[in-house]
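Colleague: What follows is query35.txt; its format and atoms are compact mmCIF, C-alpha atoms.
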# COMPACT_ATOMS: atom_id res chain seq x y z
CA MET A 68 174.79 126.87 55.98
CA GLY A 69 175.68 123.18 56.09
CA ALA A 70 178.47 122.02 53.82
CA ARG A 71 177.85 119.25 51.30
CA SER A 72 179.91 116.11 51.51
CA VAL A 73 181.59 115.33 48.20
CA PRO A 74 182.99 111.85 47.49
CA LEU A 75 186.77 111.73 47.24
CA SER A 76 186.72 110.68 43.58
CA THR A 77 184.47 113.61 42.73
CA ARG A 78 186.68 116.01 44.66
CA VAL A 79 189.74 114.86 42.73
CA ARG A 80 188.07 115.21 39.33
CA PHE A 81 186.66 118.61 40.18
CA SER A 82 189.91 119.89 41.62
CA VAL A 83 191.72 119.03 38.40
CA ALA A 84 189.19 121.11 36.50
CA VAL A 85 189.55 124.17 38.74
CA ALA A 86 193.32 123.89 39.28
CA LEU A 87 193.04 123.60 43.04
CA LEU A 88 194.79 120.31 43.77
CA PRO A 89 198.25 118.98 43.05
CA LEU A 90 197.67 117.07 39.86
CA VAL A 91 197.45 120.50 38.26
CA VAL A 92 200.25 121.76 40.49
CA LEU A 93 202.62 119.10 39.22
CA THR A 94 201.65 119.18 35.56
CA ALA A 95 201.67 122.96 35.40
CA CYS A 96 205.20 123.03 36.74
CA VAL A 97 207.00 120.11 35.18
CA GLY A 98 204.52 118.08 33.11
CA VAL A 99 203.39 114.54 33.80
CA ASP A 100 206.28 112.14 34.15
CA PRO A 101 205.62 109.20 31.78
CA ALA A 102 207.21 106.87 34.33
CA SER A 103 204.94 108.01 37.15
CA THR A 104 202.41 105.66 38.70
CA PRO A 105 198.65 106.28 38.85
CA ALA A 106 199.16 107.13 42.51
CA ASP A 107 201.50 109.98 41.59
CA ARG A 108 199.02 111.37 39.09
CA ALA A 109 195.83 111.01 41.12
CA ALA A 110 196.83 111.61 44.73
CA PRO A 111 195.40 114.88 46.01
CA PRO A 112 197.79 117.11 47.94
CA THR A 113 197.29 120.69 48.95
CA PRO A 114 197.47 123.56 46.53
CA VAL A 115 199.48 126.33 48.14
CA ALA A 116 201.16 129.46 46.95
CA PRO A 117 204.50 130.48 48.39
CA SER A 118 205.42 133.48 50.44
CA ALA A 119 207.95 135.84 48.92
CA ALA A 120 210.68 134.08 50.87
CA SER A 121 209.93 130.77 49.17
CA SER A 122 211.01 131.91 45.73
CA GLY A 123 214.59 131.20 44.77
CA PRO A 124 216.90 130.17 41.95
CA ALA A 125 215.36 127.79 39.45
CA SER A 126 218.11 125.29 40.17
CA SER A 127 216.84 124.92 43.74
CA ILE A 128 213.46 123.60 42.57
CA ALA A 129 213.39 119.84 42.19
CA PRO A 130 210.99 118.52 39.52
CA ALA A 131 208.89 115.56 40.58
CA ALA A 132 210.63 113.26 38.11
CA ASP A 133 214.01 113.94 39.76
CA VAL A 134 212.98 113.25 43.35
CA THR A 135 212.37 109.94 45.10
CA ARG A 136 211.68 109.18 48.73
CA PRO A 137 214.67 107.80 50.65
CA ALA A 138 214.41 104.33 52.11
CA GLY A 139 212.64 104.41 55.44
CA SER A 140 210.71 107.60 54.68
CA PRO A 141 207.51 107.98 56.73
CA ARG A 142 204.20 106.86 55.27
CA ALA A 143 201.38 109.39 55.45
CA CYS A 144 198.98 106.97 57.13
CA ASP A 145 201.55 106.35 59.88
CA LEU A 146 201.49 110.07 60.74
CA LEU A 147 197.76 110.60 61.09
CA THR A 148 194.70 108.68 62.30
CA ALA A 149 190.98 109.13 61.77
CA ALA A 150 190.76 110.20 65.41
CA ASP A 151 193.35 112.92 64.79
CA VAL A 152 191.36 114.21 61.83
CA ALA A 153 188.09 114.09 63.76
CA SER A 154 189.67 116.06 66.60
CA ALA A 155 190.96 118.72 64.18
CA THR A 156 187.77 119.07 62.14
CA GLY A 157 185.08 118.29 64.71
CA ALA A 158 183.56 115.63 62.46
CA PRO A 159 184.08 111.87 62.10
CA VAL A 160 185.90 110.52 59.06
CA SER A 161 186.66 107.08 57.69
CA ALA A 162 189.92 105.28 58.35
CA GLY A 163 192.68 106.61 56.15
CA GLU A 164 193.33 104.97 52.79
CA GLY A 165 197.01 104.99 51.87
CA THR A 166 198.66 105.18 48.47
CA GLU A 167 202.40 104.77 48.05
CA SER A 168 204.76 105.55 45.18
CA ALA A 169 208.48 106.08 44.74
CA ARG A 170 208.23 109.78 45.51
CA ARG A 171 204.93 110.34 47.32
CA SER A 172 202.91 108.87 50.18
CA VAL A 173 199.24 109.83 50.54
CA CYS A 174 196.59 109.16 53.16
CA ALA A 175 192.99 110.13 52.37
CA PHE A 176 190.16 110.41 54.90
CA THR A 177 186.57 110.72 53.68
CA ALA A 178 183.50 111.94 55.56
CA SER A 179 181.71 109.18 57.44
CA ARG A 180 178.41 111.09 57.50
CA PRO A 181 176.66 113.51 55.12
CA GLY A 182 178.02 117.03 55.30
CA GLY A 183 181.35 115.99 56.79
CA PRO A 184 184.81 117.07 55.61
CA GLY A 185 187.37 115.20 53.57
CA VAL A 186 191.07 115.42 54.39
CA THR A 187 194.19 114.31 52.55
CA LEU A 188 197.76 114.24 53.83
CA GLY A 189 200.67 113.91 51.40
CA VAL A 190 204.35 113.40 52.16
CA GLU A 191 207.20 114.04 49.72
CA PRO A 192 210.90 114.89 50.03
CA ALA A 193 211.67 118.41 51.25
CA GLU A 194 213.09 119.37 47.85
CA ARG A 195 209.56 119.40 46.43
CA PHE A 196 208.36 122.38 48.50
CA ASP A 197 209.39 125.16 46.11
CA ALA A 198 208.13 123.43 42.97
CA LYS A 199 204.74 122.69 44.52
CA ALA A 200 204.39 126.19 45.93
CA ASP A 201 205.47 127.98 42.75
CA ALA A 202 203.22 125.85 40.55
CA SER A 203 200.25 126.57 42.81
CA ARG A 204 200.89 130.30 42.62
CA ARG A 205 200.96 130.18 38.83
CA SER A 206 197.95 127.86 38.53
CA VAL A 207 195.65 129.50 41.05
CA GLY A 208 196.94 133.06 40.71
CA VAL A 209 196.52 133.84 44.41
CA PRO A 210 199.42 134.31 46.83
CA GLY A 211 199.37 132.05 49.85
CA GLU A 212 199.55 133.18 53.46
CA SER A 213 202.60 132.35 55.55
CA VAL A 214 201.90 130.31 58.67
CA ASP A 215 204.29 131.08 61.50
CA GLY A 216 205.52 128.40 63.86
CA LEU A 217 204.72 125.46 61.59
CA GLY A 218 207.79 123.59 60.34
CA ALA A 219 210.62 125.51 58.72
CA ARG A 220 208.27 127.07 56.15
CA ALA A 221 204.51 126.84 55.78
CA VAL A 222 201.84 128.44 53.60
CA PHE A 223 198.04 128.35 53.77
CA PHE A 224 195.65 128.54 50.81
CA TYR A 225 191.85 128.71 50.73
CA SER A 226 189.14 129.26 48.12
CA ASP A 227 185.37 128.93 47.95
CA ALA A 228 185.09 130.46 44.49
CA ASP A 229 184.28 127.14 42.81
CA LEU A 230 183.28 124.95 45.75
CA PRO A 231 180.76 126.58 48.11
CA GLU A 232 181.86 124.29 50.92
CA GLY A 233 185.41 125.59 50.54
CA VAL A 234 188.73 123.88 49.91
CA GLY A 235 192.12 124.75 51.30
CA GLY A 236 195.09 123.54 53.25
CA VAL A 237 198.72 124.00 54.12
CA LEU A 238 202.03 123.15 52.52
CA VAL A 239 204.82 122.61 55.05
CA ARG A 240 208.54 121.99 54.76
CA SER A 241 210.17 120.39 57.80
CA GLY A 242 213.44 118.50 58.00
CA THR A 243 213.69 116.13 55.05
CA SER A 244 209.97 116.19 54.22
CA THR A 245 207.34 118.34 52.56
CA LEU A 246 203.83 117.78 53.91
CA ASP A 247 200.67 118.93 52.21
CA VAL A 248 197.26 118.90 53.85
CA THR A 249 194.12 119.39 51.76
CA LEU A 250 190.80 119.89 53.53
CA GLN A 251 187.37 120.28 51.95
CA GLY A 252 183.93 120.68 53.41
CA LEU A 253 184.15 122.90 56.50
CA GLY A 254 182.56 125.81 54.64
CA ASP A 255 184.59 128.49 56.42
CA ARG A 256 188.05 129.89 55.75
CA ASP A 257 189.11 130.32 59.39
CA ARG A 258 187.86 126.86 60.40
CA THR A 259 189.65 125.35 57.41
CA ARG A 260 192.91 127.06 58.31
CA GLN A 261 192.65 126.05 61.97
CA ALA A 262 191.87 122.43 61.11
CA ALA A 263 194.55 122.18 58.41
CA VAL A 264 197.19 123.56 60.77
CA ALA A 265 196.09 121.13 63.49
CA VAL A 266 196.33 118.18 61.09
CA ALA A 267 199.77 119.31 59.89
CA THR A 268 200.99 119.80 63.45
CA THR A 269 199.98 116.25 64.38
CA ALA A 270 201.64 114.84 61.27
CA LEU A 271 204.85 116.79 61.88
CA ALA A 272 205.09 115.34 65.39
CA GLY A 273 205.38 111.88 63.86
CA LEU A 274 208.23 112.65 61.48
Re-express the file's structure as structure tokens.

Modeller:
Amino acid sequence: MGARSVPLSTRVRFSVAVALLPLVVLTACVGVDPASTPADRAAPPTPVAPSAASSGPASSIAPAADVTRPAGSPRACDLLTAADVASATGAPVSAGEGTESARRSVCAFTASRPGGPGVTLGVEPAERFDAKADASRRSVGVPGESVDGLGARAVFFYSDADLPEGVGGVLVRSGTSTLDVTLQGLGDRDRTRQAAVAVATTALAGL
């Protein structure tokens, strides 16, 4: 069955409603920071639940309001191109649109033809991994799947319960960064995992 292409703005609004993307992840964990920018509140990263090893003392989890990106941190759109996304998903996408804030960099790629996938890459400081993972577990209620060989820690999440075309991605901690990849529209769990891992692997190579 062919997957429907859903505009990015629609995907963001819908994901908030079904608790699948990071706006819910962040607000469920720490609330919306009144000083945050619209980019912080609207940018769509990957919802991912942690493996058992990712849980730890509460003091090790850094709320979004307490974390900012160091000077010189990589921008998401510098780590990934439309050609990279097309290679990973097997479908063409538009050039990435970047959004920057004090603590998060986002690059969003939308389908360039009907039925194509949409992909978003987010970059935050490494300290954000546990908070994002734990909030996803509580919000979605489904444990993520560990991904071996990807960064220091990585987890995959997928669901087609609310979106028939499927939505999923990976959350990765590597070095001083946490990367989240959200992918919608491939219509298959295994294809989504393979493509999300490929996108994350390319982005990690640029860190």

Colleague: So which one's closest to Ala158 (chain A), A:Ala262, A:Val209, A:Leu238, A:Ala221? Using all atoms listed in the file, please.

Modeller: A:Ala262

Colleague: Between CA of Thr249 (chain A) and CA of Val264 (chain A), measure the distance and give it in Å to one decimal.

Modeller: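 Going from CA of Thr249 (chain A) over to CA of Val264 (chain A), I get 10.4 Å.
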
Colleague: Between CA of Thr245 (chain A) and CA of Gly211 (chain A), what is the distance in Å, rounded to a tenth?

Modeller: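 So the answer is 16.1 Å.
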
Colleague: Excluding Glu191 (chain A) and residues on its chain fewer than 4 positions from it, collect all residues at most 8 Å away from it, counting all atoms listed in the file, and give them as a ChimeraX atom specification.

Modeller: /A:136,170-172,195,244-246

Colleague: Using Å and a single decimal, report how far CA of Val239 (chain A) sits from CA of Arg220 (chain A).

Modeller: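 Interatomic distance, CA of Arg220 (chain A) to CA of Val239 (chain A): 5.7 Å.
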
Colleague: Padding 4 Å on every side, please: axis-aligned box over the listed atoms of region 136-144 of chain A, centre and edge lengths to one decimal in Å, as lines of an AutoDock Vina configuration file.

Modeller:
center_x = 206.8
center_y = 106.9
center_z = 52.9
size_x = 23.7
size_y = 13.1
size_z = 16.4

Colleague: Write out as a list in words the residues lying within 6 Å of region 222-233 of chain A, counting only C-alpha atoms and excluding same-chain residues fewer than 5 positions away.

Modeller: Ala70, Val115, Gly211, Glu212, Ser213, Val214, Leu238, Gln251, Gly252 and Gly254 of chain A

Colleague: Those same residues, written as a compact mmCIF listing (two decimals), in the frame of the given file with C-alpha atoms?

Modeller:
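Wrote result10.txt, looks like this:
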# COMPACT_ATOMS: atom_id res chain seq x y z
CA ALA A 70 178.47 122.02 53.82
CA VAL A 115 199.48 126.33 48.14
CA GLY A 211 199.37 132.05 49.85
CA GLU A 212 199.55 133.18 53.46
CA SER A 213 202.60 132.35 55.55
CA VAL A 214 201.90 130.31 58.67
CA LEU A 238 202.03 123.15 52.52
CA GLN A 251 187.37 120.28 51.95
CA GLY A 252 183.93 120.68 53.41
CA GLY A 254 182.56 125.81 54.64

Colleague: Counting only C-alpha atoms, what is within 12 Å of Leu146 (chain A), bar same-chain residues fewer than 2 positions away, as a PyMOL selection string?

Modeller: chain A and resi 140-144+148-152+163+165+172-175+187-190+246+248+266-274

Colleague: Which one is closest to Lys199 (chain A): A:Gly216, A:Thr135, A:Gly182, A:Arg240? Count all atoms listed in the file.

Modeller: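 When distances to Lys199 (chain A) are compared using all atoms listed in the file, the smallest one comes from A:Arg240.
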